[in-house]
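Report on the following structure.
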Amino acid sequence: MPPLGFGTWQLPGQACYESVLDALALGYRHIDTAQMYGNEEEVGRAVADSPVPREEIWITTKVLPQHLHADGIRNSAPESLARLGLDHVDLLLVHWPVFGKAPLEEVIRCMDEVRTRGQARNIGVSNFNSRQVARAAAVTPLFTNQVEYHPYLAQPAVLDACRTAGMKLTAYCPLAQGKAVHDPLLAEIGDAHNASAAQVCLAWLLGQDSVVAIPKAASANNRRANLGALDITLSEGDMKRISGLANSLRLCDPPSVRPEWD
């Protein structure tokens, strides 16, 4: 999985198609979508129309919460593939630990069946807390836990759980929905690196072991600029200063987490 991906949350229709096509042309090789986003078809069309070979592109999608039962997972995985126009995805995730009609362990076993059938090269979870990560990873090896993670939301327990299980943590909303772009500390550190606050924020994430980031950028300029984070190496002091911004700011909450999964 490339460390810096392109997220397509809230990118509908033609805007999604054009954004993914441009992202691939710029050098992104990790594209993140979901059944919930309603844009798998556009992602697949962009991948098909891009000159970049399919084998160089990492595609992630996610199972809707209402499909978290045996028949739902078995049926929805091929439906996602049909919309994407692919014979497999590189990563299939449980999107939220909510609304499931089956125990957590059963859901993970069903996801593993999808992997065994070759419809997904890897499987994982999203929005799981540390206890849920441990339970899920005890069933079968998982690749990642995709969660909201940025300088204002510390995730030490989740990150530790992922590392213990040999998983990556994939950070969505890595720029805190634009808040990081205007942060004075990130801008100050950026001045020393001839970089923007957003680039410094992404570099902080990528500078942590086992962390991957998937920023969404609606403009071509921002997509290009985000890639500059790959060229920034922050000092240990800078990393600590940025970590000190944590204030429990959470921007994405599920409507109802299943208590029996916790």
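Chains: A, B, ... in order of the structure tokens. Residues: from 1 per chain. Ligands: from 1, in order shown.
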Residues flagged helix (DSSP H, G or I) by DSSP in range 135-171 of chain A, as a PyMOL selection string: chain A and resi 135-137+156-164
For those residues, write N, CA, C and O atoms to a file as an mmCIF file, in the first residue's frame.
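Everything below was put into result_7.cif:
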data_model
loop_
_atom_site.group_PDB
_atom_site.id
_atom_site.type_symbol
_atom_site.label_atom_id
_atom_site.label_comp_id
_atom_site.auth_asym_id
_atom_site.auth_seq_id
_atom_site.Cartn_x
_atom_site.Cartn_y
_atom_site.Cartn_z
ATOM 1 N N ARG A 135 -9.900 -7.942 18.921
ATOM 2 C CA ARG A 135 -10.838 -9.046 18.686
ATOM 3 C C ARG A 135 -10.842 -9.467 17.225
ATOM 4 O O ARG A 135 -10.820 -10.664 16.902
ATOM 5 N N ALA A 136 -10.882 -8.496 16.331
ATOM 6 C CA ALA A 136 -10.948 -8.814 14.902
ATOM 7 C C ALA A 136 -9.662 -9.483 14.426
ATOM 8 O O ALA A 136 -9.695 -10.465 13.682
ATOM 9 N N ALA A 137 -8.520 -8.968 14.871
ATOM 10 C CA ALA A 137 -7.236 -9.514 14.432
ATOM 11 C C ALA A 137 -6.983 -10.904 14.992
ATOM 12 O O ALA A 137 -6.152 -11.651 14.451
ATOM 13 N N PRO A 156 -3.371 7.044 20.265
ATOM 14 C CA PRO A 156 -2.288 6.153 20.710
ATOM 15 C C PRO A 156 -2.730 4.724 20.964
ATOM 16 O O PRO A 156 -2.011 3.778 20.615
ATOM 17 N N ALA A 157 -3.907 4.526 21.576
ATOM 18 C CA ALA A 157 -4.358 3.165 21.873
ATOM 19 C C ALA A 157 -4.659 2.404 20.592
ATOM 20 O O ALA A 157 -4.309 1.220 20.455
ATOM 21 N N VAL A 158 -5.301 3.070 19.637
ATOM 22 C CA VAL A 158 -5.619 2.421 18.364
ATOM 23 C C VAL A 158 -4.340 2.111 17.592
ATOM 24 O O VAL A 158 -4.180 1.013 17.033
ATOM 25 N N LEU A 159 -3.423 3.061 17.579
ATOM 26 C CA LEU A 159 -2.167 2.845 16.858
ATOM 27 C C LEU A 159 -1.373 1.709 17.495
ATOM 28 O O LEU A 159 -0.817 0.850 16.783
ATOM 29 N N ASP A 160 -1.325 1.656 18.803
ATOM 30 C CA ASP A 160 -0.627 0.563 19.485
ATOM 31 C C ASP A 160 -1.279 -0.782 19.170
ATOM 32 O O ASP A 160 -0.574 -1.783 18.958
ATOM 33 N N ALA A 161 -2.606 -0.815 19.157
ATOM 34 C CA ALA A 161 -3.312 -2.061 18.853
ATOM 35 C C ALA A 161 -3.014 -2.528 17.432
ATOM 36 O O ALA A 161 -2.833 -3.725 17.185
ATOM 37 N N CYS A 162 -2.959 -1.577 16.499
ATOM 38 C CA CYS A 162 -2.638 -1.931 15.118
ATOM 39 C C CYS A 162 -1.220 -2.482 15.013
ATOM 40 O O CYS A 162 -0.983 -3.508 14.358
ATOM 41 N N ARG A 163 -0.293 -1.812 15.640
ATOM 42 C CA ARG A 163 1.096 -2.277 15.583
ATOM 43 C C ARG A 163 1.249 -3.644 16.225
ATOM 44 O O ARG A 163 1.971 -4.509 15.704
ATOM 45 N N THR A 164 0.576 -3.862 17.337
ATOM 46 C CA THR A 164 0.640 -5.165 18.015
ATOM 47 C C THR A 164 0.123 -6.274 17.110
ATOM 48 O O THR A 164 0.647 -7.392 17.103
#
All residues 6 Å or closer to Thr61 in chain A, only C-alpha atoms, same chain fewer than 2 positions away omitted, as a VMD selection string: chain A and resid 33 to 34 92
Contacts of Ala187 in chain A at 10 Å (only C-alpha atoms; same-chain gap of 4+ positions) as a PyMOL selection string: chain A and resi 180-183+191-201
Keeping N, CA and C atoms, export the residues of the selection given above as a short mmCIF file (atom, residue, chain, number, x, y, z; two decimals), in the first residue's frame.
data_model
loop_
_atom_site.label_atom_id
_atom_site.label_comp_id
_atom_site.auth_asym_id
_atom_site.auth_seq_id
_atom_site.Cartn_x
_atom_site.Cartn_y
_atom_site.Cartn_z
N ALA A 180 -6.11 21.96 9.65
CA ALA A 180 -4.65 21.95 9.70
C ALA A 180 -4.04 22.94 8.72
N VAL A 181 -4.75 23.24 7.66
CA VAL A 181 -4.22 24.14 6.63
C VAL A 181 -3.92 25.52 7.20
N HIS A 182 -4.66 25.92 8.22
CA HIS A 182 -4.52 27.26 8.78
C HIS A 182 -3.88 27.26 10.17
N ASP A 183 -3.25 26.16 10.55
CA ASP A 183 -2.68 26.07 11.89
C ASP A 183 -1.35 26.83 11.97
N ASP A 191 7.61 26.74 7.33
CA ASP A 191 8.54 27.77 6.85
C ASP A 191 9.97 27.26 6.83
N ALA A 192 10.31 26.43 7.83
CA ALA A 192 11.67 25.90 7.91
C ALA A 192 11.95 24.84 6.85
N HIS A 193 10.88 24.31 6.26
CA HIS A 193 11.03 23.25 5.25
C HIS A 193 10.59 23.72 3.87
N ASN A 194 10.31 25.02 3.74
CA ASN A 194 9.78 25.55 2.49
C ASN A 194 8.55 24.75 2.06
N ALA A 195 7.68 24.54 3.03
CA ALA A 195 6.50 23.70 2.81
C ALA A 195 5.27 24.36 3.42
N SER A 196 4.11 23.90 3.01
CA SER A 196 2.86 24.43 3.55
C SER A 196 2.50 23.72 4.85
N ALA A 197 1.56 24.30 5.58
CA ALA A 197 1.07 23.66 6.80
C ALA A 197 0.45 22.30 6.49
N ALA A 198 -0.27 22.20 5.39
CA ALA A 198 -0.88 20.92 5.01
C ALA A 198 0.18 19.87 4.73
N GLN A 199 1.23 20.23 4.04
CA GLN A 199 2.31 19.29 3.75
C GLN A 199 2.99 18.82 5.03
N VAL A 200 3.19 19.74 5.97
CA VAL A 200 3.79 19.37 7.25
C VAL A 200 2.89 18.42 8.01
N CYS A 201 1.59 18.68 8.00
CA CYS A 201 0.64 17.80 8.69
C CYS A 201 0.71 16.38 8.13
#
Test item: residues at most 7 Å from Ala154 in chain A, only C-alpha atoms, excluding those fewer than 5 positions along its chain, as a list in words: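 Surrounding residues, per the criterion: Tyr149, Ala246 and Ser248 of chain A.
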Filtered DSSP result for range 2-229 of chain A, state strand (DSSP E or B), as number ranges by chain: A: 4, 6-7, 30-32, 58-63, 89, 91-94, 120, 123-126, 144-148, 150, 153, 168-172, 211-213
Got time to write the residues from that selection, N, CA and C atoms, as an mmCIF file, in the first residue's frame?
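Saved the output as out_21.cif:
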data_model
loop_
_atom_site.group_PDB
_atom_site.id
_atom_site.type_symbol
_atom_site.label_atom_id
_atom_site.label_comp_id
_atom_site.auth_asym_id
_atom_site.auth_seq_id
_atom_site.Cartn_x
_atom_site.Cartn_y
_atom_site.Cartn_z
ATOM 1 N N LEU A 4 0.888 7.393 0.797
ATOM 2 C CA LEU A 4 0.002 8.542 0.611
ATOM 3 C C LEU A 4 -0.999 8.211 -0.490
ATOM 4 N N PHE A 6 -5.213 8.705 -2.179
ATOM 5 C CA PHE A 6 -6.185 9.727 -2.538
ATOM 6 C C PHE A 6 -7.566 9.260 -2.122
ATOM 7 N N GLY A 7 -8.203 10.004 -1.211
ATOM 8 C CA GLY A 7 -9.531 9.654 -0.728
ATOM 9 C C GLY A 7 -10.617 10.283 -1.576
ATOM 10 N N HIS A 30 -2.707 4.936 -4.908
ATOM 11 C CA HIS A 30 -3.568 4.377 -3.867
ATOM 12 C C HIS A 30 -4.865 5.182 -3.886
ATOM 13 N N ILE A 31 -5.964 4.549 -4.286
ATOM 14 C CA ILE A 31 -7.261 5.201 -4.403
ATOM 15 C C ILE A 31 -8.237 4.555 -3.431
ATOM 16 N N ASP A 32 -8.873 5.385 -2.605
ATOM 17 C CA ASP A 32 -9.781 4.888 -1.570
ATOM 18 C C ASP A 32 -11.215 5.282 -1.894
ATOM 19 N N TRP A 58 -3.419 0.612 -6.227
ATOM 20 C CA TRP A 58 -4.013 -0.014 -5.046
ATOM 21 C C TRP A 58 -5.415 0.557 -4.860
ATOM 22 N N ILE A 59 -6.426 -0.313 -4.919
ATOM 23 C CA ILE A 59 -7.817 0.110 -4.780
ATOM 24 C C ILE A 59 -8.389 -0.443 -3.475
ATOM 25 N N THR A 60 -8.909 0.471 -2.658
ATOM 26 C CA THR A 60 -9.585 0.096 -1.419
ATOM 27 C C THR A 60 -11.057 0.450 -1.526
ATOM 28 N N THR A 61 -11.934 -0.462 -1.092
ATOM 29 C CA THR A 61 -13.338 -0.117 -0.922
ATOM 30 C C THR A 61 -13.832 -0.725 0.388
ATOM 31 N N LYS A 62 -15.071 -0.377 0.759
ATOM 32 C CA LYS A 62 -15.566 -0.734 2.090
ATOM 33 C C LYS A 62 -17.003 -1.221 2.016
ATOM 34 N N VAL A 63 -17.340 -2.149 2.919
ATOM 35 C CA VAL A 63 -18.670 -2.757 2.964
ATOM 36 C C VAL A 63 -19.606 -1.886 3.798
ATOM 37 N N VAL A 89 -10.293 -6.275 -5.592
ATOM 38 C CA VAL A 89 -9.755 -5.038 -5.007
ATOM 39 C C VAL A 89 -8.523 -5.426 -4.202
ATOM 40 N N LEU A 91 -7.879 -4.089 -1.253
ATOM 41 C CA LEU A 91 -8.232 -4.066 0.157
ATOM 42 C C LEU A 91 -9.728 -3.865 0.310
ATOM 43 N N LEU A 92 -10.361 -4.727 1.104
ATOM 44 C CA LEU A 92 -11.785 -4.611 1.417
ATOM 45 C C LEU A 92 -11.917 -4.431 2.926
ATOM 46 N N LEU A 93 -12.652 -3.375 3.323
ATOM 47 C CA LEU A 93 -12.769 -3.039 4.739
ATOM 48 C C LEU A 93 -14.205 -3.135 5.237
ATOM 49 N N VAL A 94 -14.362 -3.483 6.505
ATOM 50 C CA VAL A 94 -15.606 -3.241 7.236
ATOM 51 C C VAL A 94 -15.635 -1.734 7.495
ATOM 52 N N ALA A 120 -10.698 -10.040 -2.951
ATOM 53 C CA ALA A 120 -9.927 -9.004 -2.265
ATOM 54 C C ALA A 120 -8.572 -9.589 -1.890
ATOM 55 N N ILE A 123 -7.866 -7.795 3.570
ATOM 56 C CA ILE A 123 -9.063 -7.327 4.255
ATOM 57 C C ILE A 123 -8.652 -6.556 5.505
ATOM 58 N N GLY A 124 -9.568 -5.729 5.977
ATOM 59 C CA GLY A 124 -9.291 -4.965 7.180
ATOM 60 C C GLY A 124 -10.557 -4.352 7.730
ATOM 61 N N VAL A 125 -10.390 -3.373 8.579
ATOM 62 C CA VAL A 125 -11.529 -2.749 9.254
ATOM 63 C C VAL A 125 -11.365 -1.231 9.206
ATOM 64 N N SER A 126 -12.417 -0.536 9.620
ATOM 65 C CA SER A 126 -12.378 0.910 9.654
ATOM 66 C C SER A 126 -13.193 1.403 10.836
ATOM 67 N N THR A 144 -5.260 -3.414 7.805
ATOM 68 C CA THR A 144 -5.285 -2.049 8.324
ATOM 69 C C THR A 144 -6.558 -1.777 9.101
ATOM 70 N N ASN A 145 -6.510 -0.715 9.879
ATOM 71 C CA ASN A 145 -7.686 -0.114 10.500
ATOM 72 C C ASN A 145 -7.695 1.335 10.041
ATOM 73 N N GLN A 146 -8.724 1.721 9.291
ATOM 74 C CA GLN A 146 -8.809 3.083 8.768
ATOM 75 C C GLN A 146 -9.636 3.931 9.736
ATOM 76 N N VAL A 147 -9.026 4.959 10.284
ATOM 77 C CA VAL A 147 -9.692 5.779 11.300
ATOM 78 C C VAL A 147 -9.395 7.259 11.070
ATOM 79 N N GLU A 148 -10.226 8.107 11.673
ATOM 80 C CA GLU A 148 -9.934 9.532 11.685
ATOM 81 C C GLU A 148 -8.664 9.754 12.517
ATOM 82 N N HIS A 150 -5.494 12.826 12.918
ATOM 83 C CA HIS A 150 -4.841 14.077 12.543
ATOM 84 C C HIS A 150 -4.225 14.665 13.811
ATOM 85 N N LEU A 153 -6.469 14.921 16.961
ATOM 86 C CA LEU A 153 -7.105 13.720 17.511
ATOM 87 C C LEU A 153 -6.036 12.648 17.710
ATOM 88 N N LYS A 168 -1.459 -1.834 9.673
ATOM 89 C CA LYS A 168 -1.245 -0.418 9.458
ATOM 90 C C LYS A 168 -2.446 0.365 9.981
ATOM 91 N N LEU A 169 -2.227 1.619 10.301
ATOM 92 C CA LEU A 169 -3.313 2.546 10.581
ATOM 93 C C LEU A 169 -3.405 3.490 9.395
ATOM 94 N N THR A 170 -4.577 3.539 8.766
ATOM 95 C CA THR A 170 -4.800 4.443 7.642
ATOM 96 C C THR A 170 -5.571 5.655 8.138
ATOM 97 N N ALA A 171 -4.996 6.831 7.990
ATOM 98 C CA ALA A 171 -5.575 8.064 8.521
ATOM 99 C C ALA A 171 -6.475 8.725 7.491
ATOM 100 N N TYR A 172 -7.776 8.798 7.806
ATOM 101 C CA TYR A 172 -8.654 9.626 6.968
ATOM 102 C C TYR A 172 -8.907 10.950 7.684
ATOM 103 N N VAL A 211 1.841 4.144 9.720
ATOM 104 C CA VAL A 211 0.744 5.056 9.411
ATOM 105 C C VAL A 211 0.738 5.415 7.922
ATOM 106 N N VAL A 212 -0.450 5.356 7.331
ATOM 107 C CA VAL A 212 -0.706 5.720 5.938
ATOM 108 C C VAL A 212 -1.748 6.837 5.966
ATOM 109 N N ALA A 213 -1.730 7.753 5.009
ATOM 110 C CA ALA A 213 -2.702 8.849 4.976
ATOM 111 C C ALA A 213 -3.410 8.892 3.634
#
Given only C-alpha atoms as the counted atoms, nearest of A:Trp204, A:Phe143, A:Tyr152, A:Tyr37 to Met1 in chain A: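 Ranked by minimum distance to Met1 in chain A, first place goes to A:Phe143.
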Pick from A:Ser243, A:Arg74, A:Pro65, A:Leu202, whichever lies nearest to Ala225 in chain A using only C-alpha atoms: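 When distances to Ala225 in chain A are compared using only C-alpha atoms, the smallest one comes from A:Leu202.
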Pro141 in chain A surroundings by only C-alpha atoms, 10 Å radius, close-in-sequence under 6 positions cut, as a ChimeraX atom specification: /A:108,112,122-124,165-167
Just the selected residues (all heavy atoms), exported as a PDB file, in the first residue's frame, please.
ATOM      1  N   ILE A 108     -15.868 -10.982  10.442  1.00  0.00           N
ATOM      2  CA  ILE A 108     -14.475 -11.077   9.994  1.00  0.00           C
ATOM      3  C   ILE A 108     -14.235 -12.384   9.244  1.00  0.00           C
ATOM      4  O   ILE A 108     -13.521 -12.407   8.226  1.00  0.00           O
ATOM      5  CB  ILE A 108     -13.508 -10.944  11.179  1.00  0.00           C
ATOM      6  CG1 ILE A 108     -13.691  -9.581  11.869  1.00  0.00           C
ATOM      7  CG2 ILE A 108     -12.065 -11.114  10.723  1.00  0.00           C
ATOM      8  CD1 ILE A 108     -13.477  -8.379  10.964  1.00  0.00           C
ATOM      9  N   ASP A 112     -12.989 -12.829   5.410  1.00  0.00           N
ATOM     10  CA  ASP A 112     -11.875 -13.698   5.043  1.00  0.00           C
ATOM     11  C   ASP A 112     -12.252 -14.630   3.898  1.00  0.00           C
ATOM     12  O   ASP A 112     -11.410 -14.976   3.064  1.00  0.00           O
ATOM     13  CB  ASP A 112     -11.419 -14.496   6.260  1.00  0.00           C
ATOM     14  CG  ASP A 112     -10.010 -15.039   6.111  1.00  0.00           C
ATOM     15  OD1 ASP A 112      -9.184 -14.362   5.460  1.00  0.00           O
ATOM     16  OD2 ASP A 112      -9.729 -16.119   6.646  1.00  0.00           O
ATOM     17  N   ASN A 122      -6.516  -8.257   0.264  1.00  0.00           N
ATOM     18  CA  ASN A 122      -6.360  -8.040   1.699  1.00  0.00           C
ATOM     19  C   ASN A 122      -7.693  -7.596   2.277  1.00  0.00           C
ATOM     20  O   ASN A 122      -8.545  -7.062   1.572  1.00  0.00           O
ATOM     21  CB  ASN A 122      -5.318  -6.941   1.966  1.00  0.00           C
ATOM     22  CG  ASN A 122      -3.960  -7.242   1.382  1.00  0.00           C
ATOM     23  OD1 ASN A 122      -3.163  -7.966   1.973  1.00  0.00           O
ATOM     24  ND2 ASN A 122      -3.679  -6.684   0.206  1.00  0.00           N
ATOM     25  N   ILE A 123      -7.866  -7.795   3.570  1.00  0.00           N
ATOM     26  CA  ILE A 123      -9.063  -7.327   4.255  1.00  0.00           C
ATOM     27  C   ILE A 123      -8.652  -6.556   5.505  1.00  0.00           C
ATOM     28  O   ILE A 123      -7.539  -6.707   6.012  1.00  0.00           O
ATOM     29  CB  ILE A 123     -10.016  -8.484   4.634  1.00  0.00           C
ATOM     30  CG1 ILE A 123      -9.314  -9.471   5.581  1.00  0.00           C
ATOM     31  CG2 ILE A 123     -10.561  -9.173   3.393  1.00  0.00           C
ATOM     32  CD1 ILE A 123     -10.254 -10.510   6.178  1.00  0.00           C
ATOM     33  N   GLY A 124      -9.568  -5.729   5.977  1.00  0.00           N
ATOM     34  CA  GLY A 124      -9.291  -4.965   7.180  1.00  0.00           C
ATOM     35  C   GLY A 124     -10.557  -4.352   7.730  1.00  0.00           C
ATOM     36  O   GLY A 124     -11.668  -4.769   7.366  1.00  0.00           O
ATOM     37  N   ALA A 165      -0.911  -5.961  16.326  1.00  0.00           N
ATOM     38  CA  ALA A 165      -1.513  -6.951  15.432  1.00  0.00           C
ATOM     39  C   ALA A 165      -0.818  -7.020  14.077  1.00  0.00           C
ATOM     40  O   ALA A 165      -1.253  -7.774  13.203  1.00  0.00           O
ATOM     41  CB  ALA A 165      -2.996  -6.618  15.229  1.00  0.00           C
ATOM     42  N   GLY A 166       0.229  -6.239  13.884  1.00  0.00           N
ATOM     43  CA  GLY A 166       0.932  -6.240  12.603  1.00  0.00           C
ATOM     44  C   GLY A 166       0.152  -5.545  11.507  1.00  0.00           C
ATOM     45  O   GLY A 166       0.331  -5.845  10.319  1.00  0.00           O
ATOM     46  N   MET A 167      -0.698  -4.581  11.889  1.00  0.00           N
ATOM     47  CA  MET A 167      -1.547  -3.864  10.950  1.00  0.00           C
ATOM     48  C   MET A 167      -1.048  -2.434  10.761  1.00  0.00           C
ATOM     49  O   MET A 167      -0.351  -1.888  11.606  1.00  0.00           O
ATOM     50  CB  MET A 167      -2.997  -3.821  11.469  1.00  0.00           C
ATOM     51  CG  MET A 167      -3.632  -5.165  11.658  1.00  0.00           C
ATOM     52  SD  MET A 167      -5.158  -5.057  12.668  1.00  0.00           S
ATOM     53  CE  MET A 167      -6.167  -3.915  11.695  1.00  0.00           C
TER      54      MET A 167
END
Separation of CA of Val47 in chain A from CA of Asn222 in chain A, in Å and rounded to one decimal: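 That distance, rounded to one decimal, is 20.3 Å.
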CA of Ile189 in chain A to CA of Ile242 in chain A, distance in Å rounded to a single decimal: 9.1 Å
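Between Pro174 in chain A and the candidates A:Leu205, A:Ala15, A:Ala48, A:Leu234, the tightest atom-to-atom separation, counting only C-alpha atoms, involves A:Leu205.
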Closest of A:Gly72, A:Pro184, A:Gly118, A:Gly228 to Ala203 in chain A - atom-to-atom distances counting only C-alpha atoms: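 Result for the nearest residue to Ala203 in chain A: A:Gly228.
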Residues near His67 in chain A, anyone? I mean within 9 Å using only C-alpha atoms, not counting same-chain ones fewer than 4 positions away, as a compact mmCIF listing (two decimals) with N, CA, C and O atoms, in the first residue's frame.
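Output file part-v7.txt is given in full below:
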# COMPACT_ATOMS: atom_id res chain seq x y z
N VAL A 63 -17.34 -2.15 2.92
CA VAL A 63 -18.67 -2.76 2.96
C VAL A 63 -19.61 -1.89 3.80
O VAL A 63 -19.27 -1.48 4.92
N ASP A 71 -24.67 -13.20 4.18
CA ASP A 71 -25.18 -13.00 2.82
C ASP A 71 -24.85 -11.60 2.31
O ASP A 71 -24.54 -11.42 1.13
N GLY A 72 -24.92 -10.61 3.21
CA GLY A 72 -24.63 -9.25 2.80
C GLY A 72 -23.22 -9.08 2.30
O GLY A 72 -22.98 -8.44 1.26
N ILE A 73 -22.25 -9.64 3.00
CA ILE A 73 -20.85 -9.53 2.59
C ILE A 73 -20.61 -10.33 1.31
O ILE A 73 -19.98 -9.84 0.37
N ARG A 74 -21.14 -11.54 1.26
CA ARG A 74 -20.92 -12.39 0.08
C ARG A 74 -21.52 -11.78 -1.18
O ARG A 74 -20.97 -11.93 -2.27
N ASN A 75 -22.65 -11.10 -1.04
CA ASN A 75 -23.30 -10.51 -2.20
C ASN A 75 -22.74 -9.14 -2.55
O ASN A 75 -22.62 -8.80 -3.74
N SER A 76 -22.41 -8.34 -1.54
CA SER A 76 -22.01 -6.97 -1.82
C SER A 76 -20.59 -6.87 -2.38
O SER A 76 -20.28 -5.94 -3.13
N PHE A 99 -24.65 -1.29 13.02
CA PHE A 99 -25.77 -1.84 12.25
C PHE A 99 -25.58 -3.30 11.83
O PHE A 99 -26.33 -3.81 11.02
N GLY A 100 -24.54 -3.96 12.31
CA GLY A 100 -24.30 -5.33 11.89
C GLY A 100 -25.38 -6.28 12.37
O GLY A 100 -25.98 -6.08 13.41
N LYS A 101 -25.63 -7.31 11.60
CA LYS A 101 -26.62 -8.31 11.96
C LYS A 101 -25.97 -9.61 12.42
O LYS A 101 -26.63 -10.64 12.54
Two-atom distance - CA of Val107 in chain A, CA of His88 in chain A (Å): 19.3 Å
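Taking only C-alpha atoms into account, Val139 in chain A lies nearest to A:Pro103 out of the set A:Gly244, A:Gly85, A:Pro103, A:Pro51.
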Surrounding residues of Ser219 in chain A excluding itself and chain neighbours under 3 positions, 12 Å, only C-alpha atoms, as a list in words: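 My reading of the contact set: Phe6, Leu11, Ala15, Cys16, Glu18, Ser19, Val20, Asp22, Ala23, Pro215, Lys216, Asn222, Arg223, Arg224, Ala225 and Asn226 of chain A.
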Selection file, all heavy atoms, as a compact mmCIF listing (two decimals), in the first residue's frame:
# COMPACT_ATOMS: atom_id res chain seq x y z
N PHE A 6 -5.21 8.71 -2.18
CA PHE A 6 -6.18 9.73 -2.54
C PHE A 6 -7.57 9.26 -2.12
O PHE A 6 -8.05 8.23 -2.59
CB PHE A 6 -6.15 10.00 -4.04
CG PHE A 6 -7.16 11.04 -4.49
CD1 PHE A 6 -7.06 12.34 -4.04
CD2 PHE A 6 -8.20 10.69 -5.32
CE1 PHE A 6 -8.00 13.29 -4.44
CE2 PHE A 6 -9.14 11.63 -5.72
CZ PHE A 6 -9.03 12.94 -5.28
N LEU A 11 -16.86 12.97 -3.03
CA LEU A 11 -16.56 13.31 -4.43
C LEU A 11 -17.53 12.52 -5.31
O LEU A 11 -17.29 11.35 -5.61
CB LEU A 11 -15.11 12.96 -4.78
CG LEU A 11 -14.03 13.95 -4.36
CD1 LEU A 11 -12.66 13.40 -4.71
CD2 LEU A 11 -14.24 15.31 -5.03
N ALA A 15 -17.11 14.63 -10.96
CA ALA A 15 -16.03 15.23 -10.19
C ALA A 15 -15.09 14.15 -9.64
O ALA A 15 -13.87 14.33 -9.62
CB ALA A 15 -16.59 16.06 -9.03
N CYS A 16 -15.66 13.03 -9.21
CA CYS A 16 -14.84 11.92 -8.73
C CYS A 16 -14.02 11.33 -9.86
O CYS A 16 -12.81 11.12 -9.72
CB CYS A 16 -15.73 10.85 -8.10
SG CYS A 16 -14.83 9.39 -7.55
N GLU A 18 -12.99 12.69 -12.69
CA GLU A 18 -11.93 13.59 -13.12
C GLU A 18 -10.84 13.70 -12.06
O GLU A 18 -9.64 13.78 -12.40
CB GLU A 18 -12.52 14.96 -13.44
CG GLU A 18 -13.43 14.95 -14.66
CD GLU A 18 -14.12 16.28 -14.91
OE1 GLU A 18 -13.89 17.23 -14.11
OE2 GLU A 18 -14.87 16.38 -15.90
N SER A 19 -11.22 13.69 -10.80
CA SER A 19 -10.23 13.80 -9.72
C SER A 19 -9.34 12.57 -9.65
O SER A 19 -8.11 12.68 -9.48
CB SER A 19 -10.95 14.01 -8.38
OG SER A 19 -11.64 15.23 -8.35
N VAL A 20 -9.93 11.39 -9.77
CA VAL A 20 -9.13 10.16 -9.72
C VAL A 20 -8.23 10.07 -10.94
O VAL A 20 -7.05 9.70 -10.83
CB VAL A 20 -10.05 8.92 -9.63
CG1 VAL A 20 -9.24 7.63 -9.78
CG2 VAL A 20 -10.79 8.92 -8.30
N ASP A 22 -6.97 12.54 -12.60
CA ASP A 22 -5.89 13.49 -12.39
C ASP A 22 -4.92 13.00 -11.32
O ASP A 22 -3.69 13.14 -11.48
CB ASP A 22 -6.47 14.84 -11.97
CG ASP A 22 -5.39 15.88 -11.70
OD1 ASP A 22 -4.71 16.28 -12.66
OD2 ASP A 22 -5.22 16.28 -10.54
N ALA A 23 -5.46 12.42 -10.25
CA ALA A 23 -4.59 11.90 -9.18
C ALA A 23 -3.63 10.85 -9.72
O ALA A 23 -2.44 10.85 -9.40
CB ALA A 23 -5.44 11.33 -8.05
N PRO A 215 -5.57 11.76 2.15
CA PRO A 215 -6.27 13.04 2.05
C PRO A 215 -7.16 13.10 0.82
O PRO A 215 -6.82 12.54 -0.23
CB PRO A 215 -5.13 14.06 1.95
CG PRO A 215 -4.00 13.27 1.34
CD PRO A 215 -4.11 11.89 1.91
N LYS A 216 -8.29 13.78 0.97
CA LYS A 216 -9.12 14.11 -0.18
C LYS A 216 -8.76 15.52 -0.60
O LYS A 216 -8.59 16.40 0.25
CB LYS A 216 -10.60 14.04 0.19
CG LYS A 216 -11.54 14.35 -0.99
CD LYS A 216 -12.94 14.67 -0.53
CE LYS A 216 -13.02 16.10 -0.02
NZ LYS A 216 -14.40 16.53 0.28
N ASN A 222 -4.22 21.23 -5.01
CA ASN A 222 -4.05 20.60 -3.70
C ASN A 222 -3.59 19.16 -3.83
O ASN A 222 -2.80 18.68 -3.02
CB ASN A 222 -5.35 20.67 -2.90
CG ASN A 222 -5.63 22.07 -2.40
OD1 ASN A 222 -4.75 22.92 -2.36
ND2 ASN A 222 -6.88 22.33 -2.02
N ARG A 223 -4.10 18.46 -4.83
CA ARG A 223 -3.64 17.07 -5.04
C ARG A 223 -2.14 17.06 -5.32
O ARG A 223 -1.41 16.22 -4.79
CB ARG A 223 -4.43 16.42 -6.19
CG ARG A 223 -5.85 16.07 -5.86
CD ARG A 223 -6.47 15.22 -6.94
NE ARG A 223 -6.78 15.96 -8.15
CZ ARG A 223 -7.93 16.61 -8.38
NH1 ARG A 223 -8.85 16.64 -7.45
NH2 ARG A 223 -8.14 17.24 -9.52
N ARG A 224 -1.70 17.98 -6.14
CA ARG A 224 -0.27 18.05 -6.47
C ARG A 224 0.54 18.45 -5.23
O ARG A 224 1.58 17.86 -4.93
CB ARG A 224 -0.05 19.07 -7.59
CG ARG A 224 1.40 19.15 -8.06
CD ARG A 224 1.55 20.15 -9.22
NE ARG A 224 0.80 19.71 -10.39
CZ ARG A 224 -0.34 20.27 -10.79
NH1 ARG A 224 -0.88 21.27 -10.10
NH2 ARG A 224 -0.95 19.83 -11.87
N ALA A 225 0.05 19.43 -4.50
CA ALA A 225 0.78 19.91 -3.33
C ALA A 225 0.91 18.83 -2.26
O ALA A 225 1.96 18.72 -1.61
CB ALA A 225 0.08 21.14 -2.76
N ASN A 226 -0.15 18.04 -2.06
CA ASN A 226 -0.10 17.01 -1.02
C ASN A 226 1.03 16.02 -1.24
O ASN A 226 1.62 15.51 -0.28
CB ASN A 226 -1.44 16.28 -0.94
CG ASN A 226 -2.53 17.12 -0.30
OD1 ASN A 226 -2.25 18.13 0.35
ND2 ASN A 226 -3.78 16.71 -0.47
